[in-house]
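Trainee: Pasting a structure below so you can have a look.
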Amino acid sequence: MRTEQPKVIHLKDYQAPEYLIDETHLTFELHEDRTLVHAQLVMRRNPERPGEALPPLELHGQELELLHLKLNDRELSPSDYRLDDDGLTLQPDSAAFTLDSTVCIHPESNTALEGLYKSGKMFCTQCEAEGFRKITYYLDRPDVMSRFTTTVSADKQAYPILLSNGNPVASGEEGDGRHWATWEDPFKKPAYLFALVAGDLWCVEDSFTTMSGREVALRIYVEPENIDKCQHAMDSLKRSMRWDEEVYGREYDLDIFMIVAVNDFNMGAMENKGLNIFNSSAVLAKAETATDAAHQRVEAIVAHEYFHNWSGNRVTCRDWFQLSLKEGFTVLRDAQFSADMNSATVKRIEDVAYLRTHQFAEDAGPMAHSVRPESFIEISNFYTLTVYEKGAEVVGMIRTLLGPEGFRKGTDLYFERHDGQAVTCDDFVKAMEDANGVDLTQFKRWYSQAGTPRLAVREHYDQAAGRYSLSFSQSCPPTPGQPDKQPFVIPVALGLLDADGNDLPLRLDGEEAAVGAHRVLSVTEAEQTFTFLDIAEKPLPSLLRGFSAPVKLDFPYGRDQLMFLMQHDSDGFNRWEAGQQLAVQVLQDLMAQHQRGEALSMDARLAEALATVLRDETLDQAMVAEMLSLPGEAYLTEIAEVADVDAIHAAREFARRELADRLFGPLYQRYMTNRELSRQTEYVASADHFARRALQNIALSYLMLSERSDVLALCLDQFDTADNMTERLAALANLVQSPFEEKRALALDTFAEHFKDNPLVMDQWFSVQAANPLPGGLERVQQLMQHPAFTLKNPNKVRALIGAFANQNLVNFHRADGAGYRFLADQVIMLNALNPQIASRLLAPLTRWRKYDTQRQALMRGELERILASGSLSSDVYEVVSKSLA
């Protein structure tokens, strides 16, 4: 760990590398107590950095023991180079040269899970963003692209499978029971895409025929006990490959595509060229052990990493400030894919709910940054929702403005123009401009300005003239380092509804005729008005359809208007959104009543509206389930000026109980109908089955609030007899949050005993208890940390227990005595030494201390200050804590 203040890196200081690496030849000798890495780098002076004198060669390297170094044919002694904590510096004697090195590293003790490390009995790598420098001395930056040849040598009995990027070209036996395999990647790539795996793995195989007729071998490698949980991932992969050909015209380019499931992994998955390494939670799925949500997550992540083959690998980032170039674009692509595979409306609802709850909070906090940040201390801290989810929204807005055909023309040009290059977000936008003959200069402010814009809308209707005007006012609050913002380009998709709920034909002032009933307005000024003609009656506007821009919308809808939109809007997303706005208004009333000490009384219109939704059997059941889901406590916190955690929790729980009471009949009917279908049909991971179970389970969650013995019997029956994890886990969660202590304890014990040998299922067991809002939440979590299935060394366990408690169990985490804050700070301090990336990500709840009352603010700040004073902090943790306290 470092003791000095880490260095800030700025985008404005970017310079092209002094040297390039044309070829990289690696040999790994894997042993149980050490690994030797032999590297031969064929290098040359970068022609873009000419100069008479050859500059020093500065290679990145951390935690490496240098054993041997040779420049061309000359052995180098310590006097010929300089070593420090960050790398190796030497002076080349020619513009083209070969550098050979041998280093010793220790993957067996690498708990940070960066570079080469061991997960259980398996060797594996994670090199994005800057992990390769922990493997060998190298120019570890994304704009240095090289052709890699990798040879891996290991004990054959312990590690019969030896994998790396590209295509296998040779293998053989060594003495002493060892063997080797050589892999060659024909495409240039940066070091962050390097991958290596060695282990005793089983494989599920299939093949895919590309649109040009090539046969591609598909392999998913897992540990033997997981071989029966791979088929869904394989099916998802094949669907992804076909979809990418049909929608984006992208064909896979190697002879083989491999996925490896790894238990210890900091992220979800990694798109290493031809050898994708996945967190096991993003691969393994079957009905008995993975929920519907897990199945959908596997499908989405498999697609995401596969799509990176073009949007990230064939065309990559020039520098890490451009991270959203690959991630934002690819998140959009995987969202499109998931929408096509399942319900497009429900997918959009889920994405927007997540964005507004979490990314908007990030935009409003001390770590707020633009989609393309201006500076960072530790790049790992910028794998954020802003870069990914907001980045996807930015690319999606370009698609909205250009239309699907124009966007496809732009992506075709982008891939054609930049194949094999490391480029920037500007290059992406330029391809869109050139392909469509448009100017997106102002639009690029989305890449450089942080914060969530606010869009206030007011209406004016002149009945005599038949003119209806919408006036837009946009602003964006100050964020760290950006006190003033210029107007964004905000695409506003909208429709106008008549008294019967029909979309009116829309003709803007200046147009000769109406152009459809759904329009996209481009709001480009701080104040801007659009006027529609031939409007015979005052309409009700349906604004920001499909959430066409990531903004906070302000329009003075009344509750009756929201109920009308819920029933009639032709845009499915806005029907849900109207319900959410209605629920927010009702919940805010209840919060105010709680704060005044009054008896709580709920506006009946919310129950009336949801009763209508419940009884409408023509609606997609997944949509009904979404509309029945009240805004979460985290979202209510995010939209509050000062979050009153206790009032939010009390109001939401009261509303849930009121709805359960008033809607008991239709909820019971829906539950019984869907549960009976579940009994009669075999589990299928498909959209209609997902929808049926979603509605069934949310109905059960409401029914259980009645505390009736007959409903308890239904819940216990579902827990005992369900043939899938979706129904079993939902029943368990309801029992855990119920007052039936005996049944709760028995269910938890039964579940743990049955699934004790399945780490991913035990993660769900931890999360269900960590998120339980009943009193005593912290003490339950502390006790669970002593469970033999829990370890701080596994990121999935940390997220499942500590992360779930701090992020989902707000009423217990934000206890008035600050015990929840002290607990989280203690875990961060311990994890700082074990795994800095996970430690820094756990900090997010504490960074939002300004959102709460003065007493809680002081307690949260105190814990941040304690972390800062705790000793040698990693750059990951130091950056988050120091910015939070600034």
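If you're wondering about the labels, chains in the structure tokens are A, B, ... by order shown, residues count from 1 in each chain, ligands from 1 in order shown.
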Just want the 8 Å neighbourhood of A:Cys203, counted on only C-alpha atoms, with same-chain residues fewer than 4 positions away dropped. Output as a list in words.

Mentor: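 Answer for this query is Arg219, Ile220, Tyr221, Val222 and Ile227 of chain A.
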
Trainee: Excluding same-chain residues fewer than 6 positions from stretch 453-456 of chain A, what lies within 7 Å of it counting only C-alpha atoms, as a list in words?

Mentor: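 Close residues of stretch 453-456 of chain A: Phe472, Ser473, Gln474, Ser475, Cys476, Val551, Lys552, Leu553, Asp554 and Phe555 of chain A.
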
Trainee: So which residues touch A:Gly451 within 12 Å, counting only C-alpha atoms, skipping near sequence neighbours fewer than 6 positions away, as an MDAnalysis selection string?

Mentor: chainID A and resid 359:371 373 386 390 445 475:486 488 550:552

Trainee: Mind the document's chain letters and residue numbers, and return as a compact mmCIF listing (two decimals) with all heavy atoms, in the first residue's frame the residues of stretch 145-332 of chain A that DSSP labels alpha helix (DSSP H).

Mentor:
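Output below, filename result_5.txt:
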# COMPACT_ATOMS: atom_id res chain seq x y z
N GLN A 231 -26.06 -24.68 -19.87
CA GLN A 231 -26.80 -24.68 -21.13
C GLN A 231 -27.45 -23.33 -21.42
O GLN A 231 -27.50 -22.88 -22.57
CB GLN A 231 -27.86 -25.78 -21.12
CG GLN A 231 -28.46 -26.04 -22.50
CD GLN A 231 -27.42 -26.39 -23.55
OE1 GLN A 231 -26.57 -27.26 -23.33
NE2 GLN A 231 -27.46 -25.71 -24.69
N HIS A 232 -27.96 -22.68 -20.38
CA HIS A 232 -28.61 -21.39 -20.60
C HIS A 232 -27.60 -20.37 -21.13
O HIS A 232 -27.92 -19.59 -22.04
CB HIS A 232 -29.24 -20.88 -19.30
CG HIS A 232 -29.92 -19.56 -19.45
ND1 HIS A 232 -31.06 -19.38 -20.21
CD2 HIS A 232 -29.61 -18.33 -18.94
CE1 HIS A 232 -31.44 -18.11 -20.15
NE2 HIS A 232 -30.58 -17.45 -19.39
N ALA A 233 -26.39 -20.38 -20.59
CA ALA A 233 -25.36 -19.46 -21.07
C ALA A 233 -24.99 -19.78 -22.52
O ALA A 233 -24.79 -18.87 -23.34
CB ALA A 233 -24.12 -19.53 -20.18
N MET A 234 -24.90 -21.06 -22.85
CA MET A 234 -24.57 -21.45 -24.23
C MET A 234 -25.67 -21.00 -25.19
O MET A 234 -25.39 -20.45 -26.27
CB MET A 234 -24.37 -22.96 -24.32
CG MET A 234 -23.99 -23.45 -25.71
SD MET A 234 -22.38 -22.83 -26.27
CE MET A 234 -21.27 -23.94 -25.39
N ASP A 235 -26.92 -21.22 -24.81
CA ASP A 235 -28.02 -20.78 -25.66
C ASP A 235 -28.01 -19.26 -25.82
O ASP A 235 -28.29 -18.73 -26.91
CB ASP A 235 -29.36 -21.23 -25.07
CG ASP A 235 -29.53 -22.75 -25.09
OD1 ASP A 235 -28.82 -23.43 -25.86
OD2 ASP A 235 -30.38 -23.24 -24.32
N SER A 236 -27.72 -18.57 -24.73
CA SER A 236 -27.65 -17.10 -24.78
C SER A 236 -26.54 -16.64 -25.71
O SER A 236 -26.71 -15.65 -26.46
CB SER A 236 -27.42 -16.54 -23.37
OG SER A 236 -28.46 -16.91 -22.49
N LEU A 237 -25.41 -17.32 -25.69
CA LEU A 237 -24.29 -16.96 -26.55
C LEU A 237 -24.68 -17.10 -28.02
O LEU A 237 -24.42 -16.20 -28.83
CB LEU A 237 -23.09 -17.85 -26.22
CG LEU A 237 -21.87 -17.71 -27.14
CD1 LEU A 237 -21.35 -16.28 -27.15
CD2 LEU A 237 -20.77 -18.69 -26.71
N LYS A 238 -25.31 -18.20 -28.36
CA LYS A 238 -25.68 -18.42 -29.75
C LYS A 238 -26.72 -17.39 -30.21
O LYS A 238 -26.66 -16.88 -31.33
CB LYS A 238 -26.20 -19.85 -29.93
CG LYS A 238 -25.10 -20.89 -29.73
CD LYS A 238 -25.64 -22.29 -29.62
CE LYS A 238 -26.13 -22.82 -30.95
NZ LYS A 238 -26.53 -24.24 -30.85
N ARG A 239 -27.66 -17.05 -29.33
CA ARG A 239 -28.63 -16.01 -29.68
C ARG A 239 -27.94 -14.66 -29.88
O ARG A 239 -28.29 -13.89 -30.77
CB ARG A 239 -29.70 -15.90 -28.59
CG ARG A 239 -30.70 -17.05 -28.58
CD ARG A 239 -31.91 -16.73 -27.71
NE ARG A 239 -31.58 -16.64 -26.30
CZ ARG A 239 -31.60 -17.65 -25.45
NH1 ARG A 239 -31.93 -18.86 -25.87
NH2 ARG A 239 -31.32 -17.47 -24.17
N SER A 240 -26.94 -14.39 -29.04
CA SER A 240 -26.20 -13.12 -29.14
C SER A 240 -25.45 -13.03 -30.46
O SER A 240 -25.44 -11.97 -31.11
CB SER A 240 -25.20 -13.00 -27.99
OG SER A 240 -25.81 -13.15 -26.74
N MET A 241 -24.83 -14.12 -30.85
CA MET A 241 -24.05 -14.12 -32.09
C MET A 241 -24.94 -13.89 -33.30
O MET A 241 -24.62 -13.10 -34.19
CB MET A 241 -23.28 -15.44 -32.21
CG MET A 241 -22.27 -15.67 -31.10
SD MET A 241 -21.42 -17.27 -31.16
CE MET A 241 -20.17 -16.93 -32.42
N ARG A 242 -26.08 -14.56 -33.31
CA ARG A 242 -27.01 -14.36 -34.43
C ARG A 242 -27.57 -12.95 -34.43
O ARG A 242 -27.67 -12.30 -35.48
CB ARG A 242 -28.14 -15.40 -34.34
CG ARG A 242 -29.14 -15.32 -35.48
CD ARG A 242 -28.48 -15.67 -36.82
NE ARG A 242 -28.02 -17.06 -36.83
CZ ARG A 242 -26.95 -17.48 -37.50
NH1 ARG A 242 -26.23 -16.63 -38.21
NH2 ARG A 242 -26.57 -18.76 -37.47
N TRP A 243 -27.96 -12.45 -33.25
CA TRP A 243 -28.53 -11.11 -33.15
C TRP A 243 -27.54 -10.05 -33.62
O TRP A 243 -27.92 -9.11 -34.34
CB TRP A 243 -28.95 -10.85 -31.71
CG TRP A 243 -29.66 -9.55 -31.48
CD1 TRP A 243 -31.00 -9.31 -31.53
CD2 TRP A 243 -29.05 -8.29 -31.13
NE1 TRP A 243 -31.27 -7.99 -31.24
CE2 TRP A 243 -30.11 -7.34 -30.99
CE3 TRP A 243 -27.74 -7.87 -30.93
CZ2 TRP A 243 -29.87 -6.00 -30.66
CZ3 TRP A 243 -27.50 -6.53 -30.60
CH2 TRP A 243 -28.55 -5.62 -30.46
N ASP A 244 -26.28 -10.18 -33.27
CA ASP A 244 -25.29 -9.17 -33.64
C ASP A 244 -25.07 -9.16 -35.16
O ASP A 244 -24.80 -8.11 -35.74
CB ASP A 244 -23.96 -9.42 -32.91
CG ASP A 244 -23.16 -8.15 -32.70
OD1 ASP A 244 -23.75 -7.05 -32.75
OD2 ASP A 244 -21.94 -8.25 -32.50
N GLU A 245 -25.18 -10.31 -35.78
CA GLU A 245 -25.10 -10.36 -37.23
C GLU A 245 -26.30 -9.67 -37.87
O GLU A 245 -26.16 -8.88 -38.82
CB GLU A 245 -25.03 -11.81 -37.71
CG GLU A 245 -23.73 -12.52 -37.36
CD GLU A 245 -23.68 -13.95 -37.87
OE1 GLU A 245 -24.75 -14.51 -38.24
OE2 GLU A 245 -22.57 -14.51 -37.92
N GLU A 246 -27.49 -9.94 -37.35
CA GLU A 246 -28.70 -9.43 -37.97
C GLU A 246 -28.91 -7.95 -37.71
O GLU A 246 -29.38 -7.21 -38.59
CB GLU A 246 -29.91 -10.21 -37.44
CG GLU A 246 -29.92 -11.67 -37.87
CD GLU A 246 -31.01 -12.48 -37.19
OE1 GLU A 246 -31.65 -11.93 -36.24
OE2 GLU A 246 -31.23 -13.64 -37.57
N VAL A 247 -28.57 -7.46 -36.51
CA VAL A 247 -28.88 -6.09 -36.14
C VAL A 247 -27.72 -5.13 -36.43
O VAL A 247 -27.94 -3.99 -36.84
CB VAL A 247 -29.29 -6.01 -34.64
CG1 VAL A 247 -29.56 -4.57 -34.22
CG2 VAL A 247 -30.53 -6.88 -34.41
N TYR A 248 -26.49 -5.58 -36.22
CA TYR A 248 -25.33 -4.72 -36.43
C TYR A 248 -24.40 -5.19 -37.55
O TYR A 248 -23.41 -4.51 -37.85
CB TYR A 248 -24.52 -4.59 -35.13
CG TYR A 248 -25.13 -3.60 -34.16
CD1 TYR A 248 -26.08 -4.01 -33.23
CD2 TYR A 248 -24.76 -2.26 -34.17
CE1 TYR A 248 -26.65 -3.10 -32.34
CE2 TYR A 248 -25.32 -1.35 -33.29
CZ TYR A 248 -26.27 -1.77 -32.38
OH TYR A 248 -26.83 -0.86 -31.51
N ASP A 292 -35.24 -16.32 -12.00
CA ASP A 292 -35.49 -15.75 -13.33
C ASP A 292 -34.59 -14.55 -13.57
O ASP A 292 -34.06 -14.36 -14.67
CB ASP A 292 -36.96 -15.32 -13.45
CG ASP A 292 -37.91 -16.50 -13.49
OD1 ASP A 292 -37.46 -17.64 -13.71
OD2 ASP A 292 -39.12 -16.28 -13.30
N ALA A 293 -34.45 -13.72 -12.55
CA ALA A 293 -33.58 -12.54 -12.68
C ALA A 293 -32.15 -12.97 -12.98
O ALA A 293 -31.46 -12.33 -13.79
CB ALA A 293 -33.63 -11.70 -11.41
N ALA A 294 -31.69 -14.05 -12.35
CA ALA A 294 -30.34 -14.55 -12.62
C ALA A 294 -30.23 -15.07 -14.05
O ALA A 294 -29.21 -14.85 -14.72
CB ALA A 294 -29.98 -15.64 -11.62
N HIS A 295 -31.26 -15.76 -14.52
CA HIS A 295 -31.25 -16.21 -15.92
C HIS A 295 -31.16 -15.03 -16.88
O HIS A 295 -30.39 -15.06 -17.86
CB HIS A 295 -32.52 -17.03 -16.21
CG HIS A 295 -32.45 -18.46 -15.78
ND1 HIS A 295 -32.68 -18.86 -14.48
CD2 HIS A 295 -32.17 -19.60 -16.47
CE1 HIS A 295 -32.56 -20.17 -14.39
NE2 HIS A 295 -32.26 -20.65 -15.58
N GLN A 296 -31.93 -13.99 -16.61
CA GLN A 296 -31.89 -12.82 -17.48
C GLN A 296 -30.55 -12.10 -17.38
O GLN A 296 -30.04 -11.58 -18.38
CB GLN A 296 -33.05 -11.88 -17.14
CG GLN A 296 -34.41 -12.46 -17.52
CD GLN A 296 -35.56 -11.61 -17.05
OE1 GLN A 296 -35.80 -11.44 -15.85
NE2 GLN A 296 -36.31 -11.05 -17.98
N ARG A 297 -29.98 -12.08 -16.19
CA ARG A 297 -28.66 -11.46 -16.02
C ARG A 297 -27.60 -12.24 -16.78
O ARG A 297 -26.75 -11.64 -17.45
CB ARG A 297 -28.32 -11.40 -14.53
CG ARG A 297 -26.96 -10.79 -14.22
CD ARG A 297 -26.77 -10.60 -12.72
NE ARG A 297 -25.46 -10.05 -12.42
CZ ARG A 297 -24.41 -10.78 -12.04
NH1 ARG A 297 -24.54 -12.10 -11.91
NH2 ARG A 297 -23.24 -10.22 -11.78
N VAL A 298 -27.64 -13.56 -16.71
CA VAL A 298 -26.69 -14.38 -17.47
C VAL A 298 -26.81 -14.07 -18.96
O VAL A 298 -25.81 -13.85 -19.66
CB VAL A 298 -26.91 -15.87 -17.19
CG1 VAL A 298 -26.17 -16.74 -18.21
CG2 VAL A 298 -26.45 -16.22 -15.78
N GLU A 299 -28.04 -14.06 -19.46
CA GLU A 299 -28.24 -13.79 -20.88
C GLU A 299 -27.68 -12.43 -21.27
O GLU A 299 -27.00 -12.29 -22.30
CB GLU A 299 -29.74 -13.85 -21.20
CG GLU A 299 -30.06 -13.60 -22.67
CD GLU A 299 -31.55 -13.68 -22.96
OE1 GLU A 299 -32.31 -12.84 -22.42
OE2 GLU A 299 -31.94 -14.60 -23.71
N ALA A 300 -27.94 -11.41 -20.44
CA ALA A 300 -27.49 -10.06 -20.75
C ALA A 300 -25.97 -9.93 -20.69
O ALA A 300 -25.36 -9.28 -21.55
CB ALA A 300 -28.14 -9.06 -19.78
N ILE A 301 -25.35 -10.55 -19.69
CA ILE A 301 -23.89 -10.42 -19.55
C ILE A 301 -23.16 -11.22 -20.61
O ILE A 301 -22.14 -10.77 -21.17
CB ILE A 301 -23.45 -10.80 -18.13
CG1 ILE A 301 -24.01 -9.79 -17.12
CG2 ILE A 301 -21.93 -10.87 -18.02
CD1 ILE A 301 -23.69 -10.11 -15.67
N VAL A 302 -23.65 -12.41 -20.92
CA VAL A 302 -23.05 -13.17 -22.02
C VAL A 302 -23.11 -12.34 -23.30
O VAL A 302 -22.12 -12.23 -24.04
CB VAL A 302 -23.79 -14.51 -22.21
CG1 VAL A 302 -23.41 -15.17 -23.54
CG2 VAL A 302 -23.45 -15.46 -21.07
N ALA A 303 -24.26 -11.74 -23.56
CA ALA A 303 -24.40 -10.90 -24.75
C ALA A 303 -23.45 -9.70 -24.69
O ALA A 303 -22.75 -9.39 -25.66
CB ALA A 303 -25.84 -10.42 -24.88
N HIS A 304 -23.41 -9.04 -23.54
CA HIS A 304 -22.56 -7.86 -23.38
C HIS A 304 -21.10 -8.18 -23.71
O HIS A 304 -20.46 -7.49 -24.50
CB HIS A 304 -22.68 -7.33 -21.94
CG HIS A 304 -21.86 -6.12 -21.67
ND1 HIS A 304 -22.37 -4.84 -21.72
CD2 HIS A 304 -20.55 -5.97 -21.33
CE1 HIS A 304 -21.42 -3.97 -21.43
NE2 HIS A 304 -20.30 -4.64 -21.18
N GLU A 305 -20.58 -9.23 -23.10
CA GLU A 305 -19.17 -9.55 -23.32
C GLU A 305 -18.92 -10.01 -24.75
O GLU A 305 -17.87 -9.71 -25.33
CB GLU A 305 -18.69 -10.61 -22.32
CG GLU A 305 -18.93 -10.25 -20.86
CD GLU A 305 -18.41 -8.88 -20.45
OE1 GLU A 305 -17.43 -8.40 -21.05
OE2 GLU A 305 -18.99 -8.28 -19.53
N TYR A 306 -19.87 -10.74 -25.33
CA TYR A 306 -19.69 -11.14 -26.73
C TYR A 306 -19.70 -9.91 -27.64
O TYR A 306 -18.88 -9.79 -28.55
CB TYR A 306 -20.77 -12.13 -27.17
CG TYR A 306 -20.66 -12.39 -28.65
CD1 TYR A 306 -19.64 -13.20 -29.16
CD2 TYR A 306 -21.51 -11.75 -29.56
CE1 TYR A 306 -19.48 -13.38 -30.52
CE2 TYR A 306 -21.35 -11.92 -30.92
CZ TYR A 306 -20.34 -12.73 -31.39
OH TYR A 306 -20.16 -12.89 -32.75
N PHE A 307 -20.63 -8.98 -27.41
CA PHE A 307 -20.72 -7.79 -28.26
C PHE A 307 -19.44 -6.96 -28.19
O PHE A 307 -19.10 -6.25 -29.14
CB PHE A 307 -21.92 -6.93 -27.86
CG PHE A 307 -23.25 -7.60 -28.06
CD1 PHE A 307 -24.36 -7.21 -27.30
CD2 PHE A 307 -23.43 -8.62 -28.98
CE1 PHE A 307 -25.59 -7.81 -27.47
CE2 PHE A 307 -24.66 -9.23 -29.17
CZ PHE A 307 -25.75 -8.84 -28.40
N LEU A 323 -13.44 5.31 -21.56
CA LEU A 323 -13.99 4.00 -21.20
C LEU A 323 -15.43 3.81 -21.70
O LEU A 323 -15.82 2.73 -22.14
CB LEU A 323 -13.94 3.83 -19.68
CG LEU A 323 -14.47 2.52 -19.10
CD1 LEU A 323 -13.73 1.32 -19.67
CD2 LEU A 323 -14.36 2.53 -17.57
N SER A 324 -16.22 4.89 -21.67
CA SER A 324 -17.62 4.75 -22.10
C SER A 324 -17.72 4.51 -23.60
O SER A 324 -18.77 4.07 -24.08
CB SER A 324 -18.43 5.99 -21.72
OG SER A 324 -19.82 5.72 -21.81
N LEU A 325 -16.65 4.78 -24.34
CA LEU A 325 -16.65 4.47 -25.77
C LEU A 325 -17.02 3.01 -26.00
O LEU A 325 -17.82 2.69 -26.87
CB LEU A 325 -15.26 4.75 -26.36
CG LEU A 325 -15.05 4.33 -27.81
CD1 LEU A 325 -15.69 5.35 -28.74
CD2 LEU A 325 -13.58 4.17 -28.12
N LYS A 326 -16.43 2.13 -25.19
CA LYS A 326 -16.75 0.71 -25.34
C LYS A 326 -17.88 0.28 -24.41
O LYS A 326 -18.74 -0.50 -24.80
CB LYS A 326 -15.52 -0.17 -25.14
CG LYS A 326 -14.98 -0.29 -23.73
CD LYS A 326 -13.73 -1.17 -23.71
CE LYS A 326 -13.20 -1.41 -22.29
NZ LYS A 326 -13.98 -2.45 -21.58
N GLU A 327 -17.91 0.80 -23.19
CA GLU A 327 -18.89 0.30 -22.22
C GLU A 327 -20.28 0.89 -22.44
O GLU A 327 -21.28 0.17 -22.41
CB GLU A 327 -18.41 0.56 -20.80
CG GLU A 327 -17.15 -0.21 -20.42
CD GLU A 327 -17.30 -1.72 -20.53
OE1 GLU A 327 -18.44 -2.21 -20.68
OE2 GLU A 327 -16.26 -2.41 -20.48
N GLY A 328 -20.39 2.19 -22.63
CA GLY A 328 -21.70 2.77 -22.86
C GLY A 328 -22.34 2.21 -24.12
O GLY A 328 -23.53 1.84 -24.13
N PHE A 329 -21.57 2.13 -25.19
CA PHE A 329 -22.07 1.59 -26.46
C PHE A 329 -22.49 0.14 -26.30
O PHE A 329 -23.56 -0.29 -26.76
CB PHE A 329 -20.96 1.74 -27.52
CG PHE A 329 -21.36 1.31 -28.91
CD1 PHE A 329 -22.69 1.21 -29.30
CD2 PHE A 329 -20.37 1.04 -29.84
CE1 PHE A 329 -23.03 0.82 -30.59
CE2 PHE A 329 -20.70 0.65 -31.13
CZ PHE A 329 -22.04 0.53 -31.51
N THR A 330 -21.70 -0.65 -25.58
CA THR A 330 -22.01 -2.07 -25.45
C THR A 330 -23.17 -2.30 -24.49
O THR A 330 -23.97 -3.23 -24.69
CB THR A 330 -20.76 -2.85 -25.00
OG1 THR A 330 -19.69 -2.58 -25.93
CG2 THR A 330 -21.01 -4.35 -25.01
N VAL A 331 -23.32 -1.47 -23.46
CA VAL A 331 -24.50 -1.58 -22.60
C VAL A 331 -25.76 -1.31 -23.42
O VAL A 331 -26.78 -2.00 -23.27
CB VAL A 331 -24.40 -0.62 -21.40
CG1 VAL A 331 -25.74 -0.53 -20.67
CG2 VAL A 331 -23.32 -1.09 -20.42
N LEU A 332 -25.71 -0.31 -24.29
CA LEU A 332 -26.87 -0.07 -25.16
C LEU A 332 -27.15 -1.29 -26.01
O LEU A 332 -28.30 -1.72 -26.17
CB LEU A 332 -26.62 1.14 -26.06
CG LEU A 332 -27.73 1.35 -27.09
CD1 LEU A 332 -28.96 1.99 -26.45
CD2 LEU A 332 -27.27 2.18 -28.27

Trainee: Which residue, A:Arg708, A:His31, A:Lys756, A:Arg318, has the smallest gap to A:Pro739 when you use only C-alpha atoms?

Mentor: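 Ranking A:Arg708, A:His31, A:Lys756, A:Arg318 by distance to A:Pro739, first place goes to A:Arg708.
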
Trainee: Please provide as a PyMOL selection string all residues within 12 Å of A:Pro666, with the sequence filter that same-chain residues fewer than 5 positions apart are discarded (counting only C-alpha atoms).

Mentor: chain A and resi 607-608+610-617+659-661+671-673+695-696+699-700+702-703

Trainee: Could you go through stretch 99-319 of chain A and tell me which residues DSSP, when run on the backbone, assigns to strand (DSSP E or B), listing them as a ChimeraX atom specification?

Mentor: /A:99-105,115-119,122-126,138,146-155,161-164,167-173,178-184,189,196-199,202-209,215-222,256-262,269-270,275-279,311,315-317

Trainee: Could you name the residues that touch A:Asp264 at 7 Å or less, counting only C-alpha atoms, but leaving out those on the same chain fewer than 4 positions away, as a list in words?

Mentor: Ser119, Asn279, Asn794 and Pro795 of chain A

Trainee: Give me the residues near stretch 183-186 of chain A as a ChimeraX atom specification, where near means some atom within 10 Å (using only C-alpha atoms) and where sequence neighbours in that chain fewer than 2 positions away do not count.

Mentor: /A:25-26,146-152,162-171,181,188-189,194,196,253-254,273-274

Trainee: Let me make sure I understand: among A:Gly396, A:Pro773, A:Gly495, A:Pro78, which one has the smallest atom-to-atom distance to A:Ala335 if we use only C-alpha atoms?

Mentor: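 Looking only at the distances to A:Ala335, the closest residue turns out to be A:Gly396.
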
Trainee: Interatomic distance between atom CA of A:Ala583 and atom CA of A:Lys851?

Mentor: 21.6 Å

Trainee: Tell me, in Å to one decimal, how far atom CA of A:Gly510 is from atom CA of A:Tyr461.

Mentor: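 Calculated distance between atom CA of A:Gly510 and atom CA of A:Tyr461 is 17.5 Å.
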
Trainee: Would you mind telling me which residue in A:Asp534, A:Gln463, A:Glu626, A:Leu606 lies nearest to A:Phe573 when using only C-alpha atoms?

Mentor: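 Residue with the minimum atom-to-atom distance to A:Phe573: A:Glu626.
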
Trainee: Please, what distance in Å, to one decimal, runs between atom CA of A:Tyr252 and atom CA of A:Gly213?

Mentor: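 Value for the atom CA of A:Tyr252-atom CA of A:Gly213 distance: 11.1 Å.
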
Trainee: From the options A:Ala647, A:Ala789, A:Glu205, A:Met397, which residue's atoms come nearest to A:Asn758, counting only C-alpha atoms?

Mentor: A:Ala789

Trainee: Under the rule that only C-alpha atoms are counted, which of A:Thr136, A:Thr847, A:Ser884, A:Gln769 is the nearest residue to A:His60?

Mentor: A:Thr136
